[in-house]
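Participant: Can you keep this structure in mind? I'll have questions shortly.
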Amino acid sequence: MSLHPTLQPYADAWTHSVDAISELVQPLAEAEWNRRTPCPGWSVRDVVSHVIGMDCEMLGDPRPIHALPRDLFHVTNEHQRYMEMQVDVRRHHTAPEMTAELEYTIIRRNRQLRNESRDPGTKVRGPVSTEITLERAMRMRAFDVWVHEQDLRTALGLPGNLDSAGAYVARDLLLEALPKVVAKDANAPRSSAVVFDVHGPVEFLRTIRIDIQGRGTLETVPALGPAATLTLDWETYVRLACGRVGPEAVADRVKAEGDQDLAAAILRNFAVTP
C-alpha cells in the first residue's frame with residue numbers, strides 16, 4: 001500500500017461510507033430516487049449525483065459544461081452554483097444509470113487510492129477553482145460522503161453508521177469550527193467559557209474558552225462556572241452543524257443551561273457547512 005499513513009484513515013472512512021451509500025441505493029425503485037433528503041433542495045438522486053461528481057473531480061475528470069436553470073431557489077451563492085453543476089447535469093438520469101455510474105466511480109476511486117503515492121501536502125484542485133492539500137481534500141471527502149450517507153439514511157428511514165469512521169472525521173472537523181461560532185458569530189463574552197456535552201453513539205465534552213481579546217479556543221478540560229452549557233445528542237449536533245435543521249425544529253433535543261441569550265445565539269449560528 002503506497003498511501004501515506006496520515007491519509008489512510010480518510011481513505012478508510014470514505015470507503016466505508018461510499019460502500020454504504022451504494023448498498024442503500026442499489027435496490028431503490030425509480031420513484032424512491034425522488035425522495036426529499038434533509039440536504040436543502042436535494043433529492044436522493046441529487047445527493048448521489050453530488051457524491052459521484054465530487055469523486056470524479058478527485059479523479060481529475062473535467063467538469064461538465066452545463067447551464068444551470070434559473071429557478072433553483074436553494075442555489076444562492078457561487079459555492080452552491082459550483083456544487084449544483086454536477087447535480088443538475090444528472091437530474092434526468094434513471095435509477096440504473098445512477099447506480100452504474102456510482103459503481104464505476106467507486107471502482108475508479110479505489111484504484112486511484114491504491115496507487116496514491118503523493119505526499120499529503122501536495123496541492124490538488126479544490127472546489128470553486130481553489131487549491132488545497134491532498135490531505136485536506138481527502139479529509140473533506142470523508143466528511144462529505146459520511147454526511148450525505150446520513151442524508152440518505154434519513155430520507156429512506158434506514159438509520160445507521162452514526163459511529164462509523166466517517167463520524168469521527170466529521171466530529172473533529174465540526175469541532176474545529178466551534179471557536180468561531182461561539183466567540184465571533186455568537187459574540188460570547190470575553191474571559192468566559194461555553195461547554196458542549198454531547199451524548200449518543202459519539203460522545204464528547206468540549207469547552208470553548210474565550211480570552212480577553214475575544215478569541216475562542218477548543219479545550220477538552222471542563223470549565224468551572226461556564227457562561228452556558230449546551231447538552232444534546234450526536235445526531236442532533238450533526239444535523240444542526242450541517243444546516244439540516246434549525247434550532248426551533250430540535251428545541252426538545254437541546255438542553256441549554258446558563259445564559260439563555262448566548263445559548264440561543266450559538267444555536268442560531270451553529271450551521272458551519274457552506
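Residue numbering restarts at 1 in every chain; chains get A, B, ... in the order shown in the C-alpha cells, and ligands count up from 1 in that same order.
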Between stretch 143-254 of chain A and stretch 45-65 of chain A, at 8 Å or less, what are the per-residue closest atom pairs and their distances in Å? Count only C-alpha atoms, order by chain and rising residue number, and return it as CSV.
Facilitator:
```
residue,atom,partner,partner_atom,distance
A:Val145,CA,A:Val51,CA,6.7
A:His148,CA,A:Val47,CA,6.6
A:Asp151,CA,A:Val47,CA,8.0
A:Leu152,CA,A:Val47,CA,7.6
```
Participant: Stretch 265-268 of chain A: which residues within 10 Å, counting only C-alpha atoms, same-chain residues fewer than 4 positions away excluded, as a count of residues only?
Facilitator: 23
Participant: Using only C-alpha atoms, pick whichever of A:Gln26, A:Arg36, A:Ile212, A:Ala31 has the shortest atom-to-atom distance to A:Gly157.
Facilitator: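 Nearest candidate to A:Gly157 out of A:Gln26, A:Arg36, A:Ile212, A:Ala31: A:Arg36.
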Participant: Using only C-alpha atoms, pick whichever of A:Ala271, A:Val25, A:Ile208, A:Leu175 has the shortest atom-to-atom distance to A:Ser191.
Facilitator: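 Ranking A:Ala271, A:Val25, A:Ile208, A:Leu175 by distance to A:Ser191, first place goes to A:Ile208.
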Participant: Could you find all residues in stretch 37-194 of chain A that DSSP calls strand (DSSP E or B) from the backbone, and write them as a list in words?
Facilitator: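 Strand (DSSP E or B) assignments inside stretch 37-194 of chain A correspond to Ser43, Lys123, Val124, Arg125, Glu131, Ile132, Thr133, Ser192, Ala193 and Val194 of chain A.
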Participant: Could you save the residues just selected, with C-alpha atoms, as a compact mmCIF listing (two decimals), in the first residue's frame?
Facilitator:
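Writing done, so here's result-v6.txt:
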```
# COMPACT_ATOMS: atom_id res chain seq x y z
CA SER A 43 -33.43 14.54 -3.54
CA LYS A 123 -1.64 20.75 -3.81
CA VAL A 124 -4.73 19.48 -5.66
CA ARG A 125 -7.82 21.07 -7.18
CA GLU A 131 -6.03 24.79 -4.42
CA ILE A 132 -5.94 22.68 -1.26
CA THR A 133 -3.63 19.98 0.09
CA SER A 192 -15.83 33.29 29.56
CA ALA A 193 -16.37 29.65 28.62
CA VAL A 194 -19.09 27.61 26.91
```
Participant: Any chance you could list, as a ChimeraX atom specification, the residues in stretch 22-223 of chain A that come up alpha helix (DSSP H) when DSSP is run on the backbone?
Facilitator: /A:22-25,44-58,78-88,95-114,134-156,165-176,178-180
Participant: Tell me, in Å to one decimal, how far atom CA of A:Asp12 is from atom CA of A:Glu97.
Facilitator: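 A separation of 26.1 Å between them.
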Participant: For a test of reading the model, state the distance in Å between atom CA of A:Leu156 and atom CA of A:Val202, rounded to one decimal.
Facilitator: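 About the pair atom CA of A:Leu156 and atom CA of A:Val202: they are 22.1 Å apart.
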Participant: Under the rule that only C-alpha atoms are counted, which of A:Glu219, A:Asp259, A:Asp163, A:Glu30 is the nearest residue to A:Thr99?
Facilitator: A:Glu30
Participant: Could you list, with a cut-off of 12 Å and counting only C-alpha atoms, the residues of stretch 92-153 of chain A near stretch 66-78 of chain A, each shown with its nearest atom pair and the distance in Å rounded to one decimal, rows sorted by chain and ascending number, as CSV?
Facilitator:
```
residue,atom,partner,partner_atom,distance
A:Pro127,CA,A:Glu78,CA,10.3
A:Val128,CA,A:Glu78,CA,7.8
A:Ser129,CA,A:Glu78,CA,11.1
```
Participant: Would you put the residues from that selection into a file with N, CA and C atoms, as a short mmCIF file (atom, residue, chain, number, x, y, z; two decimals), in the first residue's frame?
Facilitator:
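Listing of selection-v7.cif after writing:
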```
data_model
loop_
_atom_site.label_atom_id
_atom_site.label_comp_id
_atom_site.auth_asym_id
_atom_site.auth_seq_id
_atom_site.Cartn_x
_atom_site.Cartn_y
_atom_site.Cartn_z
N PRO A 127 -12.72 22.87 -4.48
CA PRO A 127 -13.95 23.48 -5.02
C PRO A 127 -13.74 24.94 -5.44
N VAL A 128 -14.50 25.36 -6.42
CA VAL A 128 -14.53 26.75 -6.90
C VAL A 128 -13.12 27.25 -7.24
N SER A 129 -12.39 26.44 -8.00
CA SER A 129 -11.06 26.81 -8.52
C SER A 129 -10.04 27.13 -7.43
#
```
Participant: With only C-alpha atoms as the basis for distance, which of A:Val195, A:Ala177, A:Cys242, A:Ala29 is at the shortest distance from A:Thr220?
Facilitator: A:Val195
